[in-house]
Amino acid sequence: MKRVNYVIANWKMNGLRSHRKLYNSINKHLVSKKSNKPNVIICPPHTLIHTFALEKKSKVKLGAQDAHQHNSGAFTGCISSEMIKDLGAEYVIIGHSERRQYFNESTQLIADKIKTAHKHNLKVILCIGELKSEIKNRKKVLRNQLKSLPVNPNHKNIIIAYEPVWAIGTGLTPSLLEINEIHSSIRSILKSKLDFSKKVSILYGGSVNRKNAKEILSLENVDGALVGGASLKISEFSKIIDYS
Ligand code: 13P
């Protein structure tokens, strides 16, 4: 089954207006590849989305790193899905482990955020992943986190990113065999939830870099990567794009 391949950059809380240079270098790299594959999405801080969206004829797609569960209202400091769409982004990351960890985001809250994002026609990149202490119960943890998917999700507006929390920013990754197996069990959980489960792209994230990307991205059950630290360096990120 052919699935869409994505390489997604999560810049987290990094990026000033001068990062337009990096955005342009990534775009230049894609143009030089003369191919539309993979789909490359940059998720910069909210403050940069509009600046990047103004770049004409860019091959890079844009996403946000989070969106509030309400459409609008008295929620000081928050950003809504409608605003993100208005800025020119097509995607939004929801449920990143840093949001779960530092902002106490629950499965129910994440479900609400997904619902609102879909209402505003944003495609959702749903992050799931276990803590180190949960490795033994991984399948149960992932199954619970996937409960935040809407009742009838559509493979066209949902991308799953499996990011083991203990692999984020640590230089550690599960073995290749484990990654392949975990992605396969995520797909079987999805099977019970949606009609087109085979078409949903499942990405791997957590310490992906130019050295390990080739092997990870060539795994049968991996449909791309969600990249943090390495997406902030053109030398690293362009190689990851090339391997996908
Ligand atoms: P690193 O690639 O820095 O480990 O971060 C992964 C991540 O959290 C992407 O969302």
# chains A, B, ... in the order shown; residues from 1 in each chain; ligands from 1

$ residues_near_ligand --ligand "ligand 1" --cutoff "7 Å" --atoms "only C-alpha atoms and all ligand atoms" --output "number ranges by chain"
A: 10, 96, 163, 167-171, 205-208, 226-230

$ closest_residue --among "A:Leu149, A:Ile128, A:Val141, A:Cys78" --to "A:Asp112" --atoms "only C-alpha atoms"
A:Leu149

$ closest_residue --among "A:Lys59, A:Lys139, A:Lys193, A:Lys132" --to "A:Ser25" --atoms "only C-alpha atoms"
A:Lys59

$ closest_residue --among "A:Lys113, A:Lys147, A:Lys119, A:Lys28" --to "A:Lys85" --atoms "only C-alpha atoms"
A:Lys119

$ atom_distance --atom1 "atom CA of A:Leu109" --atom2 "atom CA of A:Ile159"
18.0 Å

$ residues_around --residues "A:Glu236" --least-positions-apart "6" --cutoff "9 Å" --atoms "only C-alpha atoms" --output "ChimeraX atom specification"
/A:209-211,230

$ select_by_dssp --residues "stretch 58-153 of chain A" --states "alpha helix (DSSP H)" --output "VMD selection string"
chain A and resid 81 to 87 97 to 102 107 to 119 138 to 145

$ write_last_selection --atoms "N, CA, C and O atoms" --output "tab-separated table (two decimals), in the first residue's frame"
chain	number	residue	atom	x	y	z
A	81	SER	N	-7.19	27.48	15.96
A	81	SER	CA	-7.01	26.83	14.65
A	81	SER	C	-7.40	27.79	13.52
A	81	SER	O	-6.77	27.81	12.47
A	82	GLU	N	-8.44	28.55	13.76
A	82	GLU	CA	-8.89	29.49	12.73
A	82	GLU	C	-7.79	30.51	12.41
A	82	GLU	O	-7.56	30.87	11.27
A	83	MET	N	-7.11	30.97	13.47
A	83	MET	CA	-6.02	31.95	13.27
A	83	MET	C	-4.87	31.32	12.48
A	83	MET	O	-4.27	31.95	11.60
A	84	ILE	N	-4.58	30.07	12.82
A	84	ILE	CA	-3.48	29.37	12.14
A	84	ILE	C	-3.78	29.22	10.65
A	84	ILE	O	-2.95	29.47	9.79
A	85	LYS	N	-5.01	28.84	10.38
A	85	LYS	CA	-5.45	28.69	8.98
A	85	LYS	C	-5.34	30.05	8.28
A	85	LYS	O	-4.87	30.15	7.15
A	86	ASP	N	-5.77	31.09	8.99
A	86	ASP	CA	-5.76	32.44	8.44
A	86	ASP	C	-4.33	32.92	8.12
A	86	ASP	O	-4.10	33.68	7.19
A	87	LEU	N	-3.35	32.42	8.89
A	87	LEU	CA	-1.95	32.81	8.66
A	87	LEU	C	-1.37	32.13	7.43
A	87	LEU	O	-0.34	32.53	6.91
A	97	SER	N	4.45	15.46	23.07
A	97	SER	CA	4.71	15.05	24.47
A	97	SER	C	5.13	16.23	25.34
A	97	SER	O	4.89	16.22	26.54
A	98	GLU	N	5.74	17.26	24.72
A	98	GLU	CA	6.11	18.43	25.54
A	98	GLU	C	4.86	19.18	25.99
A	98	GLU	O	4.84	19.78	27.06
A	99	ARG	N	3.81	19.16	25.19
A	99	ARG	CA	2.53	19.77	25.60
A	99	ARG	C	1.87	18.90	26.68
A	99	ARG	O	1.32	19.40	27.64
A	100	ARG	N	1.95	17.58	26.49
A	100	ARG	CA	1.35	16.68	27.49
A	100	ARG	C	2.08	16.87	28.83
A	100	ARG	O	1.47	16.94	29.89
A	101	GLN	N	3.42	16.97	28.74
A	101	GLN	CA	4.25	17.02	29.95
A	101	GLN	C	4.22	18.38	30.66
A	101	GLN	O	4.01	18.45	31.85
A	102	TYR	N	4.41	19.47	29.91
A	102	TYR	CA	4.53	20.79	30.55
A	102	TYR	C	3.21	21.53	30.68
A	102	TYR	O	3.11	22.50	31.41
A	107	THR	N	-5.87	13.30	27.16
A	107	THR	CA	-6.42	12.69	25.93
A	107	THR	C	-7.69	13.42	25.50
A	107	THR	O	-7.90	13.67	24.32
A	108	GLN	N	-8.54	13.78	26.47
A	108	GLN	CA	-9.79	14.47	26.14
A	108	GLN	C	-9.51	15.86	25.54
A	108	GLN	O	-10.10	16.24	24.53
A	109	LEU	N	-8.56	16.58	26.15
A	109	LEU	CA	-8.23	17.92	25.63
A	109	LEU	C	-7.68	17.80	24.20
A	109	LEU	O	-8.05	18.57	23.31
A	110	ILE	N	-6.83	16.81	24.01
A	110	ILE	CA	-6.23	16.61	22.68
A	110	ILE	C	-7.33	16.26	21.66
A	110	ILE	O	-7.33	16.76	20.53
A	111	ALA	N	-8.30	15.45	22.10
A	111	ALA	CA	-9.43	15.11	21.22
A	111	ALA	C	-10.19	16.39	20.84
A	111	ALA	O	-10.56	16.58	19.67
A	112	ASP	N	-10.39	17.28	21.80
A	112	ASP	CA	-11.11	18.53	21.52
A	112	ASP	C	-10.33	19.41	20.54
A	112	ASP	O	-10.89	20.03	19.65
A	113	LYS	N	-9.02	19.44	20.75
A	113	LYS	CA	-8.17	20.26	19.86
A	113	LYS	C	-8.23	19.72	18.42
A	113	LYS	O	-8.28	20.49	17.46
A	114	ILE	N	-8.21	18.40	18.30
A	114	ILE	CA	-8.26	17.78	16.96
A	114	ILE	C	-9.57	18.15	16.27
A	114	ILE	O	-9.61	18.52	15.09
A	115	LYS	N	-10.65	18.05	17.03
A	115	LYS	CA	-11.98	18.33	16.49
A	115	LYS	C	-12.04	19.77	15.94
A	115	LYS	O	-12.52	20.02	14.83
A	116	THR	N	-11.52	20.71	16.74
A	116	THR	CA	-11.56	22.11	16.31
A	116	THR	C	-10.64	22.34	15.10
A	116	THR	O	-11.00	23.08	14.17
A	117	ALA	N	-9.48	21.71	15.13
A	117	ALA	CA	-8.55	21.87	13.99
A	117	ALA	C	-9.22	21.37	12.71
A	117	ALA	O	-9.14	22.03	11.66
A	118	HIS	N	-9.88	20.23	12.79
A	118	HIS	CA	-10.55	19.69	11.60
A	118	HIS	C	-11.68	20.59	11.14
A	118	HIS	O	-11.91	20.74	9.94
A	119	LYS	N	-12.36	21.18	12.10
A	119	LYS	CA	-13.46	22.10	11.75
A	119	LYS	C	-12.93	23.25	10.87
A	119	LYS	O	-13.64	23.77	10.02
A	138	ARG	N	3.80	-0.24	26.66
A	138	ARG	CA	3.74	0.66	25.51
A	138	ARG	C	2.44	0.57	24.71
A	138	ARG	O	1.80	1.58	24.41
A	139	LYS	N	2.05	-0.64	24.40
A	139	LYS	CA	0.89	-0.83	23.53
A	139	LYS	C	-0.37	-0.22	24.16
A	139	LYS	O	-1.17	0.44	23.48
A	140	LYS	N	-0.50	-0.42	25.47
A	140	LYS	CA	-1.65	0.10	26.19
A	140	LYS	C	-1.63	1.64	26.16
A	140	LYS	O	-2.65	2.29	25.93
A	141	VAL	N	-0.42	2.19	26.39
A	141	VAL	CA	-0.27	3.65	26.40
A	141	VAL	C	-0.66	4.23	25.04
A	141	VAL	O	-1.43	5.19	24.94
A	142	LEU	N	-0.15	3.60	23.99
A	142	LEU	CA	-0.42	4.11	22.65
A	142	LEU	C	-1.92	3.97	22.31
A	142	LEU	O	-2.51	4.88	21.72
A	143	ARG	N	-2.49	2.85	22.72
A	143	ARG	CA	-3.92	2.64	22.46
A	143	ARG	C	-4.74	3.73	23.15
A	143	ARG	O	-5.64	4.31	22.55
A	144	ASN	N	-4.37	4.05	24.39
A	144	ASN	CA	-5.09	5.10	25.13
A	144	ASN	C	-4.92	6.46	24.46
A	144	ASN	O	-5.87	7.22	24.34
A	145	GLN	N	-3.69	6.76	24.03
A	145	GLN	CA	-3.46	8.06	23.40
A	145	GLN	C	-4.23	8.17	22.08
A	145	GLN	O	-4.69	9.25	21.71

$ residues_around --residues "stretch 64-66 of chain A" --least-positions-apart "4" --cutoff "8 Å" --atoms "only C-alpha atoms" --output "ChimeraX atom specification"
/A:10,12,43-46,49,84,89,91-95

$ select_by_dssp --residues "stretch 129-217 of chain A" --states "strand (DSSP E)" --output "VMD selection string"
chain A and resid 158 to 162 202 to 205

$ write_last_selection --atoms "C-alpha atoms" --output "mmCIF file, in the first residue's frame"
data_model
loop_
_atom_site.group_PDB
_atom_site.id
_atom_site.type_symbol
_atom_site.label_atom_id
_atom_site.label_comp_id
_atom_site.auth_asym_id
_atom_site.auth_seq_id
_atom_site.Cartn_x
_atom_site.Cartn_y
_atom_site.Cartn_z
ATOM 1 C CA ILE A 158 -4.686 12.738 10.118
ATOM 2 C CA ILE A 159 -0.996 11.879 10.264
ATOM 3 C CA ILE A 160 0.301 9.893 13.234
ATOM 4 C CA ALA A 161 3.777 10.596 14.609
ATOM 5 C CA TYR A 162 5.160 7.970 16.955
ATOM 6 C CA ILE A 202 2.748 6.867 10.476
ATOM 7 C CA LEU A 203 5.951 8.823 11.031
ATOM 8 C CA TYR A 204 8.770 8.205 13.450
ATOM 9 C CA GLY A 205 10.191 11.001 15.627
#

$ closest_residue --among "A:Asn104, A:His50, A:Glu215, A:Ile8" --to "A:Ser175" --atoms "only C-alpha atoms"
A:Glu215

$ residues_around --residues "A:Asn180" --least-positions-apart "5" --cutoff "7 Å" --atoms "only C-alpha atoms" --output "list in words"
Leu219, Glu220, Asn221 and Val222 of chain A

$ write_last_selection --atoms "C-alpha atoms" --output "PDB file, in the first residue's frame"
ATOM      1  CA  LEU A 219      11.690   0.640   7.219  1.00  0.00           C
ATOM      2  CA  GLU A 220       8.579  -0.838   5.666  1.00  0.00           C
ATOM      3  CA  ASN A 221       6.199   0.599   8.261  1.00  0.00           C
ATOM      4  CA  VAL A 222       7.719   4.077   8.522  1.00  0.00           C
TER       5      VAL A 222
END

$ atom_distance --atom1 "atom CA of A:Lys57" --atom2 "atom CA of A:His155"
26.2 Å

$ atom_distance --atom1 "atom CA of A:Thr76" --atom2 "atom CA of A:Cys127"
25.0 Å

$ residues_around --residues "A:Ile41" --least-positions-apart "4" --cutoff "6 Å" --atoms "only C-alpha atoms" --output "list in words"
Ile8, Val60, Lys61 and Leu62 of chain A

$ write_last_selection --atoms "N, CA and C atoms" --output "short mmCIF file (atom, residue, chain, number, x, y, z; two decimals), in the first residue's frame"
data_model
loop_
_atom_site.label_atom_id
_atom_site.label_comp_id
_atom_site.auth_asym_id
_atom_site.auth_seq_id
_atom_site.Cartn_x
_atom_site.Cartn_y
_atom_site.Cartn_z
N ILE A 8 8.76 16.17 8.42
CA ILE A 8 8.19 17.32 9.11
C ILE A 8 9.19 17.88 10.11
N VAL A 60 7.68 24.20 0.23
CA VAL A 60 7.57 23.80 1.63
C VAL A 60 6.17 24.10 2.13
N LYS A 61 5.57 23.14 2.83
CA LYS A 61 4.25 23.39 3.41
C LYS A 61 4.42 23.85 4.86
N LEU A 62 3.37 24.47 5.38
CA LEU A 62 3.51 25.05 6.72
C LEU A 62 2.55 24.45 7.73
#

$ decode --residues "stretch 69-108 of chain A" --atoms "N, CA and C atoms" --output "PDB file, in the first residue's frame"
ATOM      1  N   GLN A  69      -8.322  24.550  21.805  1.00  0.00           N
ATOM      2  CA  GLN A  69      -9.515  23.736  21.541  1.00  0.00           C
ATOM      3  C   GLN A  69     -10.752  24.558  21.237  1.00  0.00           C
ATOM      4  N   HIS A  70     -10.724  25.862  21.581  1.00  0.00           N
ATOM      5  CA  HIS A  70     -11.883  26.707  21.289  1.00  0.00           C
ATOM      6  C   HIS A  70     -11.641  27.531  20.021  1.00  0.00           C
ATOM      7  N   ASN A  71     -12.713  27.971  19.428  1.00  0.00           N
ATOM      8  CA  ASN A  71     -12.594  28.756  18.195  1.00  0.00           C
ATOM      9  C   ASN A  71     -12.041  30.150  18.452  1.00  0.00           C
ATOM     10  N   SER A  72     -12.480  30.757  19.555  1.00  0.00           N
ATOM     11  CA  SER A  72     -12.059  32.126  19.894  1.00  0.00           C
ATOM     12  C   SER A  72     -12.542  32.396  21.315  1.00  0.00           C
ATOM     13  N   GLY A  73     -12.198  33.548  21.855  1.00  0.00           N
ATOM     14  CA  GLY A  73     -12.725  33.901  23.168  1.00  0.00           C
ATOM     15  C   GLY A  73     -11.684  34.403  24.136  1.00  0.00           C
ATOM     16  N   ALA A  74     -12.044  34.447  25.414  1.00  0.00           N
ATOM     17  CA  ALA A  74     -11.174  35.025  26.450  1.00  0.00           C
ATOM     18  C   ALA A  74     -10.174  33.972  26.943  1.00  0.00           C
ATOM     19  N   PHE A  75      -9.158  33.726  26.130  1.00  0.00           N
ATOM     20  CA  PHE A  75      -8.116  32.765  26.478  1.00  0.00           C
ATOM     21  C   PHE A  75      -6.769  33.436  26.215  1.00  0.00           C
ATOM     22  N   THR A  76      -6.387  34.299  27.143  1.00  0.00           N
ATOM     23  CA  THR A  76      -5.202  35.141  26.957  1.00  0.00           C
ATOM     24  C   THR A  76      -3.971  34.326  26.570  1.00  0.00           C
ATOM     25  N   GLY A  77      -3.337  34.758  25.502  1.00  0.00           N
ATOM     26  CA  GLY A  77      -2.082  34.133  25.096  1.00  0.00           C
ATOM     27  C   GLY A  77      -2.244  32.926  24.189  1.00  0.00           C
ATOM     28  N   CYS A  78      -3.474  32.507  23.927  1.00  0.00           N
ATOM     29  CA  CYS A  78      -3.667  31.292  23.122  1.00  0.00           C
ATOM     30  C   CYS A  78      -3.908  31.609  21.639  1.00  0.00           C
ATOM     31  N   ILE A  79      -3.712  30.615  20.812  1.00  0.00           N
ATOM     32  CA  ILE A  79      -3.857  30.763  19.358  1.00  0.00           C
ATOM     33  C   ILE A  79      -4.859  29.715  18.880  1.00  0.00           C
ATOM     34  N   SER A  80      -5.816  30.123  18.064  1.00  0.00           N
ATOM     35  CA  SER A  80      -6.845  29.180  17.617  1.00  0.00           C
ATOM     36  C   SER A  80      -6.507  28.572  16.252  1.00  0.00           C
ATOM     37  N   SER A  81      -7.195  27.480  15.964  1.00  0.00           N
ATOM     38  CA  SER A  81      -7.009  26.833  14.654  1.00  0.00           C
ATOM     39  C   SER A  81      -7.399  27.787  13.523  1.00  0.00           C
ATOM     40  N   GLU A  82      -8.440  28.546  13.758  1.00  0.00           N
ATOM     41  CA  GLU A  82      -8.893  29.489  12.727  1.00  0.00           C
ATOM     42  C   GLU A  82      -7.790  30.513  12.412  1.00  0.00           C
ATOM     43  N   MET A  83      -7.110  30.974  13.473  1.00  0.00           N
ATOM     44  CA  MET A  83      -6.018  31.946  13.268  1.00  0.00           C
ATOM     45  C   MET A  83      -4.870  31.320  12.479  1.00  0.00           C
ATOM     46  N   ILE A  84      -4.583  30.068  12.817  1.00  0.00           N
ATOM     47  CA  ILE A  84      -3.476  29.374  12.136  1.00  0.00           C
ATOM     48  C   ILE A  84      -3.780  29.221  10.651  1.00  0.00           C
ATOM     49  N   LYS A  85      -5.015  28.838  10.377  1.00  0.00           N
ATOM     50  CA  LYS A  85      -5.448  28.693   8.984  1.00  0.00           C
ATOM     51  C   LYS A  85      -5.345  30.051   8.276  1.00  0.00           C
ATOM     52  N   ASP A  86      -5.771  31.089   8.989  1.00  0.00           N
ATOM     53  CA  ASP A  86      -5.758  32.441   8.443  1.00  0.00           C
ATOM     54  C   ASP A  86      -4.330  32.918   8.118  1.00  0.00           C
ATOM     55  N   LEU A  87      -3.353  32.415   8.889  1.00  0.00           N
ATOM     56  CA  LEU A  87      -1.954  32.805   8.657  1.00  0.00           C
ATOM     57  C   LEU A  87      -1.368  32.127   7.428  1.00  0.00           C
ATOM     58  N   GLY A  88      -1.996  31.034   6.990  1.00  0.00           N
ATOM     59  CA  GLY A  88      -1.516  30.353   5.788  1.00  0.00           C
ATOM     60  C   GLY A  88      -0.962  28.962   6.031  1.00  0.00           C
ATOM     61  N   ALA A  89      -1.175  28.416   7.232  1.00  0.00           N
ATOM     62  CA  ALA A  89      -0.699  27.046   7.487  1.00  0.00           C
ATOM     63  C   ALA A  89      -1.787  26.046   7.118  1.00  0.00           C
ATOM     64  N   GLU A  90      -1.344  24.831   6.775  1.00  0.00           N
ATOM     65  CA  GLU A  90      -2.301  23.765   6.407  1.00  0.00           C
ATOM     66  C   GLU A  90      -2.356  22.670   7.454  1.00  0.00           C
ATOM     67  N   TYR A  91      -1.312  22.622   8.299  1.00  0.00           N
ATOM     68  CA  TYR A  91      -1.172  21.510   9.249  1.00  0.00           C
ATOM     69  C   TYR A  91      -1.041  22.037  10.674  1.00  0.00           C
ATOM     70  N   VAL A  92      -1.308  21.166  11.632  1.00  0.00           N
ATOM     71  CA  VAL A  92      -1.023  21.529  13.031  1.00  0.00           C
ATOM     72  C   VAL A  92      -0.623  20.266  13.795  1.00  0.00           C
ATOM     73  N   ILE A  93       0.433  20.399  14.585  1.00  0.00           N
ATOM     74  CA  ILE A  93       0.829  19.302  15.477  1.00  0.00           C
ATOM     75  C   ILE A  93      -0.070  19.381  16.706  1.00  0.00           C
ATOM     76  N   ILE A  94      -0.639  18.264  17.099  1.00  0.00           N
ATOM     77  CA  ILE A  94      -1.455  18.222  18.316  1.00  0.00           C
ATOM     78  C   ILE A  94      -0.956  17.070  19.187  1.00  0.00           C
ATOM     79  N   GLY A  95      -0.889  17.321  20.489  1.00  0.00           N
ATOM     80  CA  GLY A  95      -0.562  16.251  21.429  1.00  0.00           C
ATOM     81  C   GLY A  95       0.919  15.937  21.537  1.00  0.00           C
ATOM     82  N   HIS A  96       1.777  16.903  21.177  1.00  0.00           N
ATOM     83  CA  HIS A  96       3.214  16.648  21.347  1.00  0.00           C
ATOM     84  C   HIS A  96       3.503  16.344  22.817  1.00  0.00           C
ATOM     85  N   SER A  97       4.451  15.461  23.069  1.00  0.00           N
ATOM     86  CA  SER A  97       4.712  15.046  24.465  1.00  0.00           C
ATOM     87  C   SER A  97       5.127  16.229  25.338  1.00  0.00           C
ATOM     88  N   GLU A  98       5.740  17.262  24.721  1.00  0.00           N
ATOM     89  CA  GLU A  98       6.108  18.429  25.541  1.00  0.00           C
ATOM     90  C   GLU A  98       4.856  19.181  25.988  1.00  0.00           C
ATOM     91  N   ARG A  99       3.807  19.164  25.190  1.00  0.00           N
ATOM     92  CA  ARG A  99       2.525  19.774  25.600  1.00  0.00           C
ATOM     93  C   ARG A  99       1.875  18.903  26.677  1.00  0.00           C
ATOM     94  N   ARG A 100       1.946  17.583  26.489  1.00  0.00           N
ATOM     95  CA  ARG A 100       1.351  16.685  27.493  1.00  0.00           C
ATOM     96  C   ARG A 100       2.079  16.869  28.826  1.00  0.00           C
ATOM     97  N   GLN A 101       3.425  16.968  28.739  1.00  0.00           N
ATOM     98  CA  GLN A 101       4.252  17.019  29.951  1.00  0.00           C
ATOM     99  C   GLN A 101       4.216  18.383  30.658  1.00  0.00           C
ATOM    100  N   TYR A 102       4.411  19.467  29.913  1.00  0.00           N
ATOM    101  CA  TYR A 102       4.533  20.787  30.545  1.00  0.00           C
ATOM    102  C   TYR A 102       3.208  21.525  30.680  1.00  0.00           C
ATOM    103  N   PHE A 103       2.207  21.105  29.905  1.00  0.00           N
ATOM    104  CA  PHE A 103       0.918  21.817  29.953  1.00  0.00           C
ATOM    105  C   PHE A 103      -0.227  20.876  30.328  1.00  0.00           C
ATOM    106  N   ASN A 104       0.171  19.710  30.848  1.00  0.00           N
ATOM    107  CA  ASN A 104      -0.820  18.735  31.350  1.00  0.00           C
ATOM    108  C   ASN A 104      -1.938  18.423  30.367  1.00  0.00           C
ATOM    109  N   GLU A 105      -1.620  18.286  29.107  1.00  0.00           N
ATOM    110  CA  GLU A 105      -2.683  18.030  28.130  1.00  0.00           C
ATOM    111  C   GLU A 105      -3.167  16.582  28.238  1.00  0.00           C
ATOM    112  N   SER A 106      -4.461  16.427  28.380  1.00  0.00           N
ATOM    113  CA  SER A 106      -5.052  15.093  28.533  1.00  0.00           C
ATOM    114  C   SER A 106      -5.538  14.571  27.180  1.00  0.00           C
ATOM    115  N   THR A 107      -5.874  13.303  27.158  1.00  0.00           N
ATOM    116  CA  THR A 107      -6.417  12.691  25.935  1.00  0.00           C
ATOM    117  C   THR A 107      -7.691  13.424  25.503  1.00  0.00           C
ATOM    118  N   GLN A 108      -8.536  13.784  26.473  1.00  0.00           N
ATOM    119  CA  GLN A 108      -9.787  14.473  26.141  1.00  0.00           C
ATOM    120  C   GLN A 108      -9.505  15.862  25.537  1.00  0.00           C
TER     121      GLN A 108
END
